[in-house]
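Chemist: File name start12.pdb; file contents PDB, C-alpha atoms and all ligand atoms; full text below.
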MODEL        1
ATOM      1  CA  MET F   1     -11.620 -28.584 108.510
ATOM      2  CA  SER F   2      -8.575 -30.872 108.572
ATOM      3  CA  LEU F   3      -7.042 -31.798 111.912
ATOM      4  CA  ARG F   4      -4.851 -29.008 113.314
ATOM      5  CA  HIS F   5      -2.312 -29.324 116.117
ATOM      6  CA  PHE F   6      -0.484 -26.670 118.120
ATOM      7  CA  THR F   7       2.781 -28.380 118.951
ATOM      8  CA  SER F   8       4.718 -25.249 117.997
ATOM      9  CA  LEU F   9       4.074 -21.666 116.940
ATOM     10  CA  LEU F  10       5.215 -22.829 113.505
ATOM     11  CA  ASP F  11       1.881 -24.656 113.228
ATOM     12  CA  LEU F  12       0.336 -21.188 112.728
ATOM     13  CA  SER F  13       0.645 -18.748 109.840
ATOM     14  CA  SER F  14       1.313 -15.100 110.711
ATOM     15  CA  GLU F  15      -2.345 -14.310 109.929
ATOM     16  CA  GLU F  16      -3.579 -17.099 112.199
ATOM     17  CA  PHE F  17      -1.308 -15.923 115.029
ATOM     18  CA  ARG F  18      -2.688 -12.393 114.681
ATOM     19  CA  HIS F  19      -6.252 -13.726 114.488
ATOM     20  CA  ILE F  20      -5.796 -15.594 117.801
ATOM     21  CA  ILE F  21      -4.360 -12.463 119.484
ATOM     22  CA  HIS F  22      -7.319 -10.336 118.342
ATOM     23  CA  ARG F  23      -9.858 -12.991 119.245
ATOM     24  CA  ALA F  24      -8.256 -13.361 122.700
ATOM     25  CA  ALA F  25      -8.730  -9.630 123.283
ATOM     26  CA  GLU F  26     -12.375  -9.863 122.163
ATOM     27  CA  LEU F  27     -13.037 -12.789 124.496
ATOM     28  CA  LYS F  28     -11.384 -10.873 127.348
ATOM     29  CA  ASN F  29     -13.340  -7.682 126.772
ATOM     30  CA  ASN F  30     -16.779  -9.216 126.118
ATOM     31  CA  HIS F  31     -17.028 -12.166 128.446
ATOM     32  CA  ASP F  32     -20.374 -13.721 127.495
ATOM     33  CA  ARG F  33     -21.222 -16.583 129.886
ATOM     34  CA  ASP F  34     -23.814 -17.849 127.385
ATOM     35  CA  TYR F  35     -21.201 -18.374 124.671
ATOM     36  CA  GLN F  36     -20.425 -22.068 125.099
ATOM     37  CA  PRO F  37     -18.975 -23.349 121.821
ATOM     38  CA  LEU F  38     -17.378 -26.416 123.451
ATOM     39  CA  LYS F  39     -20.470 -27.663 125.297
ATOM     40  CA  GLY F  40     -19.991 -31.319 126.165
ATOM     41  CA  GLN F  41     -16.411 -31.384 124.895
ATOM     42  CA  VAL F  42     -13.472 -32.680 126.929
ATOM     43  CA  LEU F  43      -9.825 -31.588 127.081
ATOM     44  CA  ALA F  44      -7.324 -34.105 128.482
ATOM     45  CA  MET F  45      -4.338 -32.406 130.142
ATOM     46  CA  ILE F  46      -1.190 -34.466 130.666
ATOM     47  CA  PHE F  47       1.374 -32.895 132.973
ATOM     48  CA  GLU F  48       4.816 -34.484 133.351
ATOM     49  CA  LYS F  49       5.936 -31.260 135.073
ATOM     50  CA  SER F  50       4.411 -28.862 137.597
ATOM     51  CA  SER F  51       2.090 -26.026 136.601
ATOM     52  CA  THR F  52      -0.073 -23.315 138.082
ATOM     53  CA  ARG F  53      -0.998 -21.011 135.175
ATOM     54  CA  THR F  54      -1.207 -23.574 132.374
ATOM     55  CA  ARG F  55      -3.423 -25.944 134.309
ATOM     56  CA  ILE F  56      -5.776 -23.305 135.697
ATOM     57  CA  SER F  57      -6.106 -21.379 132.438
ATOM     58  CA  PHE F  58      -6.945 -24.442 130.352
ATOM     59  CA  GLU F  59      -9.296 -25.840 132.970
ATOM     60  CA  THR F  60     -11.120 -22.527 133.427
ATOM     61  CA  GLY F  61     -11.209 -21.887 129.680
ATOM     62  CA  MET F  62     -12.939 -25.226 129.085
ATOM     63  CA  VAL F  63     -15.494 -24.498 131.815
ATOM     64  CA  HIS F  64     -16.202 -21.024 130.357
ATOM     65  CA  PHE F  65     -16.814 -22.672 126.983
ATOM     66  CA  GLY F  66     -19.241 -25.241 128.424
ATOM     67  CA  GLY F  67     -16.810 -28.179 128.382
ATOM     68  CA  ASN F  68     -14.620 -30.040 130.817
ATOM     69  CA  ALA F  69     -10.936 -30.682 131.430
ATOM     70  CA  ILE F  70      -9.349 -33.815 132.890
ATOM     71  CA  PHE F  71      -6.007 -33.536 134.710
ATOM     72  CA  LEU F  72      -3.741 -36.536 134.095
ATOM     73  CA  SER F  73      -0.425 -37.059 135.831
ATOM     74  CA  PRO F  74       1.972 -39.781 134.605
ATOM     75  CA  ARG F  75       2.315 -40.791 138.244
ATOM     76  CA  ASP F  76      -1.299 -41.929 138.372
ATOM     77  CA  THR F  77      -1.761 -43.209 134.812
ATOM     78  CA  GLN F  78      -0.211 -45.937 132.666
ATOM     79  CA  LEU F  79       1.816 -43.209 130.903
ATOM     80  CA  GLY F  80       4.203 -43.250 133.844
ATOM     81  CA  ARG F  81       4.537 -47.037 133.659
ATOM     82  CA  GLY F  82       5.860 -47.049 130.112
ATOM     83  CA  GLU F  83       2.728 -47.515 127.982
ATOM     84  CA  PRO F  84       3.861 -46.539 124.465
ATOM     85  CA  ILE F  85       3.133 -42.931 123.492
ATOM     86  CA  GLN F  86       1.568 -44.131 120.248
ATOM     87  CA  ASP F  87      -0.918 -46.377 122.072
ATOM     88  CA  SER F  88      -1.706 -43.678 124.649
ATOM     89  CA  ALA F  89      -2.337 -41.114 121.905
ATOM     90  CA  LYS F  90      -4.698 -43.441 120.043
ATOM     91  CA  VAL F  91      -6.625 -44.438 123.169
ATOM     92  CA  ILE F  92      -6.915 -41.002 124.777
ATOM     93  CA  SER F  93      -7.830 -39.272 121.500
ATOM     94  CA  SER F  94     -10.596 -41.840 120.902
ATOM     95  CA  MET F  95     -12.352 -40.548 124.035
ATOM     96  CA  VAL F  96     -11.680 -36.802 124.266
ATOM     97  CA  ASP F  97     -11.886 -33.813 121.898
ATOM     98  CA  CYS F  98      -8.480 -32.236 122.515
ATOM     99  CA  ILE F  99      -5.245 -33.102 124.356
ATOM    100  CA  MET F 100      -2.777 -30.751 126.028
ATOM    101  CA  LEU F 101       0.628 -32.021 127.096
ATOM    102  CA  ARG F 102       3.427 -30.581 129.206
ATOM    103  CA  THR F 103       6.387 -32.899 128.756
ATOM    104  CA  ASP F 104      10.112 -33.164 129.370
ATOM    105  CA  LYS F 105      10.866 -34.030 125.767
ATOM    106  CA  HIS F 106       9.487 -32.050 122.854
ATOM    107  CA  GLU F 107       9.429 -35.273 120.843
ATOM    108  CA  THR F 108       6.774 -36.695 123.159
ATOM    109  CA  VAL F 109       4.362 -33.957 122.041
ATOM    110  CA  THR F 110       5.131 -34.354 118.320
ATOM    111  CA  THR F 111       4.868 -38.165 118.519
ATOM    112  CA  PHE F 112       1.588 -37.819 120.397
ATOM    113  CA  ALA F 113       0.279 -35.508 117.668
ATOM    114  CA  GLN F 114       1.249 -37.958 114.921
ATOM    115  CA  HIS F 115      -0.924 -40.642 116.502
ATOM    116  CA  SER F 116      -3.793 -38.535 117.835
ATOM    117  CA  SER F 117      -7.133 -38.205 116.073
ATOM    118  CA  VAL F 118      -7.858 -34.904 117.890
ATOM    119  CA  PRO F 119      -5.873 -31.631 118.182
ATOM    120  CA  VAL F 120      -2.768 -31.775 120.380
ATOM    121  CA  ILE F 121      -1.537 -28.655 122.196
ATOM    122  CA  ASN F 122       2.004 -28.084 123.513
ATOM    123  CA  GLY F 123       1.675 -26.829 127.086
ATOM    124  CA  LEU F 124       5.515 -26.515 127.417
ATOM    125  CA  THR F 125       8.369 -28.818 126.481
ATOM    126  CA  ASP F 126      12.135 -28.618 126.946
ATOM    127  CA  LEU F 127      12.290 -26.798 123.585
ATOM    128  CA  GLU F 128       9.228 -24.541 123.291
ATOM    129  CA  HIS F 129       6.421 -22.844 125.202
ATOM    130  CA  PRO F 130       4.087 -21.615 122.456
ATOM    131  CA  CYS F 131       0.983 -20.995 124.618
ATOM    132  CA  GLN F 132       2.940 -18.464 126.677
ATOM    133  CA  LEU F 133       3.798 -16.510 123.547
ATOM    134  CA  LEU F 134       0.126 -16.219 122.579
ATOM    135  CA  ALA F 135      -0.456 -14.558 125.959
ATOM    136  CA  ASP F 136       2.698 -12.424 125.810
ATOM    137  CA  MET F 137       1.789 -11.081 122.398
ATOM    138  CA  GLN F 138      -1.821 -10.458 123.418
ATOM    139  CA  THR F 139      -0.404  -8.454 126.329
ATOM    140  CA  TYR F 140       1.940  -6.393 124.155
ATOM    141  CA  PHE F 141      -0.887  -5.594 121.691
ATOM    142  CA  GLU F 142      -3.183  -4.704 124.616
ATOM    143  CA  PHE F 143      -0.744  -2.193 126.119
ATOM    144  CA  ARG F 144       1.167  -0.882 123.105
ATOM    145  CA  GLY F 145      -0.519  -1.993 119.855
ATOM    146  CA  ASP F 146       1.100  -3.973 117.064
ATOM    147  CA  ILE F 147       4.583  -5.359 117.759
ATOM    148  CA  LYS F 148       5.610  -5.392 114.071
ATOM    149  CA  GLY F 149       8.833  -3.423 113.565
ATOM    150  CA  LYS F 150       9.540  -3.171 117.319
ATOM    151  CA  THR F 151      12.623  -4.348 119.202
ATOM    152  CA  VAL F 152      12.301  -7.033 121.874
ATOM    153  CA  THR F 153      15.196  -8.011 124.153
ATOM    154  CA  TRP F 154      15.616 -11.475 125.643
ATOM    155  CA  ILE F 155      18.018 -11.589 128.589
ATOM    156  CA  GLY F 156      19.224 -14.817 130.174
ATOM    157  CA  ASP F 157      18.821 -18.472 129.342
ATOM    158  CA  GLY F 158      18.368 -19.460 125.684
ATOM    159  CA  ASN F 159      15.660 -21.857 126.804
ATOM    160  CA  ASN F 160      12.191 -22.992 125.677
ATOM    161  CA  MET F 161      10.771 -19.467 126.114
ATOM    162  CA  CYS F 162      13.634 -17.935 124.148
ATOM    163  CA  HIS F 163      13.061 -20.410 121.287
ATOM    164  CA  SER F 164       9.390 -19.471 121.138
ATOM    165  CA  TYR F 165      10.348 -15.761 121.127
ATOM    166  CA  ILE F 166      12.641 -16.409 118.145
ATOM    167  CA  GLN F 167       9.792 -18.052 116.223
ATOM    168  CA  THR F 168       7.461 -15.192 117.148
ATOM    169  CA  ALA F 169       9.945 -12.568 115.925
ATOM    170  CA  VAL F 170       9.717 -14.113 112.462
ATOM    171  CA  LEU F 171       5.950 -14.675 112.533
ATOM    172  CA  LEU F 172       5.016 -11.197 113.801
ATOM    173  CA  GLY F 173       7.895  -9.236 112.286
ATOM    174  CA  PHE F 174       9.938  -7.821 115.171
ATOM    175  CA  THR F 175      13.671  -7.813 115.916
ATOM    176  CA  LEU F 176      14.817  -9.932 118.846
ATOM    177  CA  HIS F 177      18.004  -8.975 120.686
ATOM    178  CA  ILE F 178      19.415 -11.883 122.685
ATOM    179  CA  ALA F 179      21.940 -11.597 125.516
ATOM    180  CA  SER F 180      22.803 -15.023 126.952
ATOM    181  CA  PRO F 181      26.010 -16.280 128.538
ATOM    182  CA  ILE F 182      28.274 -18.502 126.461
ATOM    183  CA  GLY F 183      27.072 -22.070 126.779
ATOM    184  CA  TYR F 184      23.461 -21.006 127.439
ATOM    185  CA  GLN F 185      22.531 -19.610 124.051
ATOM    186  CA  PRO F 186      19.456 -20.783 122.164
ATOM    187  CA  LEU F 187      19.849 -23.823 119.930
ATOM    188  CA  LYS F 188      21.123 -23.002 116.457
ATOM    189  CA  GLN F 189      18.207 -24.867 114.883
ATOM    190  CA  TYR F 190      16.054 -21.972 116.169
ATOM    191  CA  SER F 191      18.317 -18.944 115.748
ATOM    192  CA  GLU F 192      19.675 -19.860 112.323
ATOM    193  CA  THR F 193      16.259 -19.944 110.703
ATOM    194  CA  ALA F 194      15.372 -16.457 112.002
ATOM    195  CA  GLY F 195      17.848 -14.534 109.812
ATOM    196  CA  ALA F 196      18.002 -10.799 110.515
ATOM    197  CA  HIS F 197      15.139 -11.045 113.013
ATOM    198  CA  VAL F 198      17.639 -12.176 115.669
ATOM    199  CA  LYS F 199      20.742 -10.317 116.875
ATOM    200  CA  PHE F 200      23.138 -11.567 119.546
ATOM    201  CA  PHE F 201      24.848  -9.336 122.132
ATOM    202  CA  ASP F 202      27.578 -10.013 124.698
ATOM    203  CA  SER F 203      26.190  -7.471 127.125
ATOM    204  CA  ALA F 204      22.651  -7.355 128.529
ATOM    205  CA  LEU F 205      22.873  -3.555 128.680
ATOM    206  CA  GLU F 206      23.873  -3.245 125.004
ATOM    207  CA  ALA F 207      21.074  -5.631 124.010
ATOM    208  CA  SER F 208      18.506  -3.511 125.846
ATOM    209  CA  LYS F 209      19.272  -0.143 124.244
ATOM    210  CA  ASP F 210      16.150   1.359 122.624
ATOM    211  CA  SER F 211      14.183  -1.812 123.232
ATOM    212  CA  ASP F 212      10.363  -1.825 123.398
ATOM    213  CA  LEU F 213      10.005  -4.977 125.484
ATOM    214  CA  ILE F 214      12.409  -6.618 127.928
ATOM    215  CA  VAL F 215      11.808 -10.298 128.682
ATOM    216  CA  THR F 216      13.545 -12.814 130.885
ATOM    217  CA  ASP F 217      12.942 -16.175 132.539
ATOM    218  CA  VAL F 218      14.374 -18.238 135.372
ATOM    219  CA  TRP F 219      18.054 -19.200 135.218
ATOM    220  CA  ALA F 220      17.269 -22.863 135.937
ATOM    221  CA  SER F 221      14.156 -24.295 134.290
ATOM    222  CA  MET F 222      12.124 -27.240 135.561
ATOM    223  CA  GLY F 223      14.368 -30.299 135.528
ATOM    224  CA  GLN F 224      17.568 -28.232 135.890
ATOM    225  CA  GLU F 225      17.277 -27.652 139.639
ATOM    226  CA  GLU F 226      20.571 -29.416 140.380
ATOM    227  CA  GLU F 227      22.370 -26.875 138.122
ATOM    228  CA  GLN F 228      21.058 -23.920 140.160
ATOM    229  CA  LYS F 229      24.351 -23.024 141.858
ATOM    230  CA  LEU F 230      26.376 -23.335 138.647
ATOM    231  CA  ARG F 231      23.831 -21.233 136.792
ATOM    232  CA  GLU F 232      23.819 -18.501 139.457
ATOM    233  CA  ILE F 233      27.484 -17.964 138.607
ATOM    234  CA  ALA F 234      27.063 -18.185 134.832
ATOM    235  CA  PHE F 235      24.102 -15.762 134.783
ATOM    236  CA  LYS F 236      25.263 -13.190 137.352
ATOM    237  CA  ASP F 237      25.662 -10.461 134.686
ATOM    238  CA  TYR F 238      22.272 -11.240 133.151
ATOM    239  CA  GLN F 239      19.869  -9.774 135.677
ATOM    240  CA  VAL F 240      17.143  -7.373 134.537
ATOM    241  CA  ASP F 241      17.560  -4.336 136.774
ATOM    242  CA  GLU F 242      16.739  -0.627 136.651
ATOM    243  CA  ALA F 243      19.879   0.134 134.600
ATOM    244  CA  ILE F 244      18.561  -2.199 131.879
ATOM    245  CA  MET F 245      15.100  -0.594 131.936
ATOM    246  CA  LYS F 246      16.712   2.843 131.771
ATOM    247  CA  VAL F 247      18.490   2.243 128.457
ATOM    248  CA  ALA F 248      15.340   0.733 126.914
ATOM    249  CA  HIS F 249      12.659   3.057 125.526
ATOM    250  CA  ASN F 250      10.793   5.058 128.173
ATOM    251  CA  ASP F 251       7.591   3.177 127.418
ATOM    252  CA  ALA F 252       9.240  -0.267 127.293
ATOM    253  CA  LEU F 253       7.355  -3.077 128.997
ATOM    254  CA  PHE F 254       8.777  -5.864 131.163
ATOM    255  CA  MET F 255       7.469  -9.429 130.866
ATOM    256  CA  HIS F 256       8.221 -12.746 132.554
ATOM    257  CA  CYS F 257       6.245 -15.963 132.053
ATOM    258  CA  LEU F 258       6.427 -16.706 135.826
ATOM    259  CA  PRO F 259       7.185 -18.222 138.212
ATOM    260  CA  ALA F 260       9.987 -15.692 138.866
ATOM    261  CA  HIS F 261      12.921 -15.560 141.247
ATOM    262  CA  ARG F 262      13.256 -11.988 142.507
ATOM    263  CA  GLY F 263      16.913 -11.123 143.078
ATOM    264  CA  GLU F 264      18.100 -13.604 140.442
ATOM    265  CA  GLU F 265      16.990 -13.027 136.826
ATOM    266  CA  VAL F 266      15.117  -9.821 137.763
ATOM    267  CA  THR F 267      15.170  -7.353 140.628
ATOM    268  CA  ALA F 268      12.054  -6.784 142.716
ATOM    269  CA  ARG F 269      12.083  -3.106 141.695
ATOM    270  CA  VAL F 270      11.674  -4.043 138.032
ATOM    271  CA  ILE F 271       9.251  -6.964 138.278
ATOM    272  CA  ASP F 272       7.070  -5.093 140.790
ATOM    273  CA  GLY F 273       7.668  -1.723 139.118
ATOM    274  CA  PRO F 274       5.569   0.441 136.779
ATOM    275  CA  GLN F 275       6.807  -1.075 133.501
ATOM    276  CA  SER F 276       6.060  -4.648 134.509
ATOM    277  CA  VAL F 277       2.924  -6.270 133.047
ATOM    278  CA  ILE F 278       3.445  -9.747 134.508
ATOM    279  CA  PHE F 279      -0.029 -10.095 136.006
ATOM    280  CA  PRO F 280      -2.045  -9.125 132.901
ATOM    281  CA  GLU F 281       0.404 -11.384 131.022
ATOM    282  CA  ALA F 282      -0.465 -14.288 133.339
ATOM    283  CA  GLU F 283      -4.212 -13.596 133.126
ATOM    284  CA  ASN F 284      -4.007 -13.497 129.349
ATOM    285  CA  ARG F 285      -3.041 -17.169 129.331
ATOM    286  CA  LEU F 286      -6.751 -17.789 129.936
ATOM    287  CA  HIS F 287      -7.999 -15.559 127.126
ATOM    288  CA  ALA F 288      -5.336 -16.527 124.591
ATOM    289  CA  GLN F 289      -5.882 -20.241 125.152
ATOM    290  CA  LYS F 290      -9.662 -19.860 124.876
ATOM    291  CA  ALA F 291      -9.012 -18.263 121.492
ATOM    292  CA  LEU F 292      -6.666 -21.149 120.646
ATOM    293  CA  LEU F 293      -9.232 -23.792 121.669
ATOM    294  CA  GLU F 294     -11.879 -22.031 119.587
ATOM    295  CA  PHE F 295      -9.479 -21.886 116.623
ATOM    296  CA  LEU F 296      -8.563 -25.585 116.861
ATOM    297  CA  LEU F 297     -11.975 -27.012 117.754
ATOM    298  CA  CYS F 298     -14.582 -24.691 116.243
ATOM    299  CA  ASN F 299     -13.159 -24.067 112.785
ATOM    300  CA  LYS F 300     -12.785 -20.325 113.546
TER     301      LYS F 300
HETATM  302  N1  LIG Q   1       4.113 -19.646 132.730
HETATM  303  C1  LIG Q   1       3.707 -20.902 132.959
HETATM  304  O1  LIG Q   1       3.633 -21.751 132.052
HETATM  305  O2  LIG Q   1       3.340 -21.125 134.231
HETATM  306  P1  LIG Q   1       3.007 -22.535 134.907
HETATM  307  O3  LIG Q   1       4.288 -23.315 134.932
HETATM  308  O4  LIG Q   1       2.501 -22.181 136.263
HETATM  309  O5  LIG Q   1       1.964 -23.246 134.076
HETATM  310  N1  LIG Q   2      11.647 -21.994 131.254
HETATM  311  C1  LIG Q   2      10.724 -22.333 132.301
HETATM  312  C2  LIG Q   2       9.347 -21.851 131.977
HETATM  313  C3  LIG Q   2       8.308 -22.125 133.033
HETATM  314  C4  LIG Q   2       6.945 -21.667 132.657
HETATM  315  C5  LIG Q   2      10.730 -23.845 132.506
HETATM  316  O1  LIG Q   2      10.769 -24.592 131.527
HETATM  317  O2  LIG Q   2      10.718 -24.274 133.661
ENDMDL
END
Let me see the structure of the file written as structure tokens.
Modeler:
Amino acid sequence: MSLRHFTSLLDLSSEEFRHIIHRAAELKNNHDRDYQPLKGQVLAMIFEKSSTRTRISFETGMVHFGGNAIFLSPRDTQLGRGEPIQDSAKVISSMVDCIMLRTDKHETVTTFAQHSSVPVINGLTDLEHPCQLLADMQTYFEFRGDIKGKTVTWIGDGNNMCHSYIQTAVLLGFTLHIASPIGYQPLKQYSETAGAHVKFFDSALEASKDSDLIVTDVWASMGQEEEQKLREIAFKDYQVDEAIMKVAHNDALFMHCLPAHRGEEVTARVIDGPQSVIFPEAENRLHAQKALLEFLLCNK
């Protein structure tokens, strides 16, 4: 099989995306400790930003599959001292079987992939968070079945998560309603390629009418901490609360990639309420990424 990367959801066809979701569910439901397809293999994980879920899920997934994961922080490696990305990609990929990166700039991941001899996985950039969408979609399928033809509502910042939701709407065939304040809308390079799959709304309530899934994320992402106060003002009408859940379908789900700020982008009553599936969603990072590793490394 030729070398495959996962720098973006666009690296997958619709069929491959669906295959990974189904395989993730299989791996979750039939956990066979003797199934070790990555025995002796090593995943290098480069984190320029903090992480709980991404780090633990990849590390645990590699152990389940009989392999190992190495955690690399730019602070403790030559990456942080300016060694060229091209050189780092060539050197690291000559020693390991797969590389996962969480970086400030999306371009770092794509440049790394261009010079790597092993698969490169995007573990979050400023522009996209594709691994989270594998887990989110696995979670929707697990609770409600196929998402094709459904309506999903994104409320809040048009950030990396929102961009990955736009790409998923096209790949899996749902309609994405977006309600973001002026100045915080997703980049046009994402929304303009989605055609009728994306619809913009001025009001979060309007965007949520008859929706099957309500999703939000923090108002200030990693690296935007100094904008927190400004963003609290800009986003004050973009909180997911019970009024939003009420206008959505009765069986609508609530998702959030976490970490969350209760009382900001979502109320405690919603995120800790009966329609919230945030903890299965977080757990599914493990299963979805095991399916991804199997897909990239085992020709499945
Ligand atoms: N959702 C997510 O990517 O979480 P972490 O930042 O903890 O990895
Ligand atoms: N948009 C958030 C997602 C965290 C998982 C961030 O980039 O910080």
Chemist: Specify as a ChimeraX atom specification each residue included when the PyMOL selection byres (((not hetatm)) within 7 of (chain Q and resi 1)) is applied to this file.
Modeler: /F:50-55,124,132,257-259
Chemist: Name every residue that the PyMOL selection byres (((chain F and resi 138) around 10) and not hetatm) selects in this structure, writing the answer as a list of chain:residue names with chains first and numbers rising.
Modeler: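 Taken over the shown coordinates, the PyMOL selection byres (((chain F and resi 138) around 10) and not hetatm) returns F:Arg18, F:Ile20, F:Ile21, F:His22, F:Arg23, F:Ala24, F:Ala25, F:Gln132, F:Leu133, F:Leu134, F:Ala135, F:Asp136, F:Met137, F:Thr139, F:Tyr140, F:Phe141, F:Glu142, F:Phe143, F:Gly145, F:Asp146, F:Ile147, F:Pro280, F:Glu281, F:Asn284, F:Arg285, F:His287, F:Ala288.
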Chemist: Skipping near chain neighbours, those fewer than 3 positions away, what residues fall within 12 Å of Glu264 (chain F) using all atoms listed in the file, listed as a CSV table (one decimal) with C-alpha atoms, in the coordinates of the input?
Modeler:
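For reference, selection-v9.csv as written:
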chain,number,residue,atom,x,y,z
F,156,GLY,CA,19.2,-14.8,130.2
F,216,THR,CA,13.5,-12.8,130.9
F,217,ASP,CA,12.9,-16.2,132.5
F,218,VAL,CA,14.4,-18.2,135.4
F,219,TRP,CA,18.1,-19.2,135.2
F,220,ALA,CA,17.3,-22.9,135.9
F,228,GLN,CA,21.1,-23.9,140.2
F,229,LYS,CA,24.4,-23.0,141.9
F,231,ARG,CA,23.8,-21.2,136.8
F,232,GLU,CA,23.8,-18.5,139.5
F,233,ILE,CA,27.5,-18.0,138.6
F,234,ALA,CA,27.1,-18.2,134.8
F,235,PHE,CA,24.1,-15.8,134.8
F,236,LYS,CA,25.3,-13.2,137.4
F,237,ASP,CA,25.7,-10.5,134.7
F,238,TYR,CA,22.3,-11.2,133.2
F,239,GLN,CA,19.9,-9.8,135.7
F,240,VAL,CA,17.1,-7.4,134.5
F,241,ASP,CA,17.6,-4.3,136.8
F,260,ALA,CA,10.0,-15.7,138.9
F,261,HIS,CA,12.9,-15.6,141.2
F,267,THR,CA,15.2,-7.4,140.6
F,268,ALA,CA,12.1,-6.8,142.7
F,270,VAL,CA,11.7,-4.0,138.0
F,271,ILE,CA,9.3,-7.0,138.3
Chemist: Which residues match the PyMOL selection byres (((chain F and resi 111) around 12) and not hetatm) in the file above, as a list in words?
Modeler: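 Taken over the shown coordinates, the PyMOL selection byres (((chain F and resi 111) around 12) and not hetatm) returns His5, Thr7, Pro84, Ile85, Gln86, Asp87, Ser88, Ala89, Lys90, Leu101, Thr103, Lys105, His106, Glu107, Thr108, Val109, Thr110, Phe112, Ala113, Gln114, His115, Ser116, Val120 and Asn122 of chain F.
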Chemist: Rank nothing, just name the residue among F:Met255, F:Ile99, F:Ile178, F:Val198 nearest to Leu213 (chain F), using all atoms listed in the file.
Modeler: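 Among the listed residues, the smallest separation from Leu213 (chain F) belongs to F:Met255.
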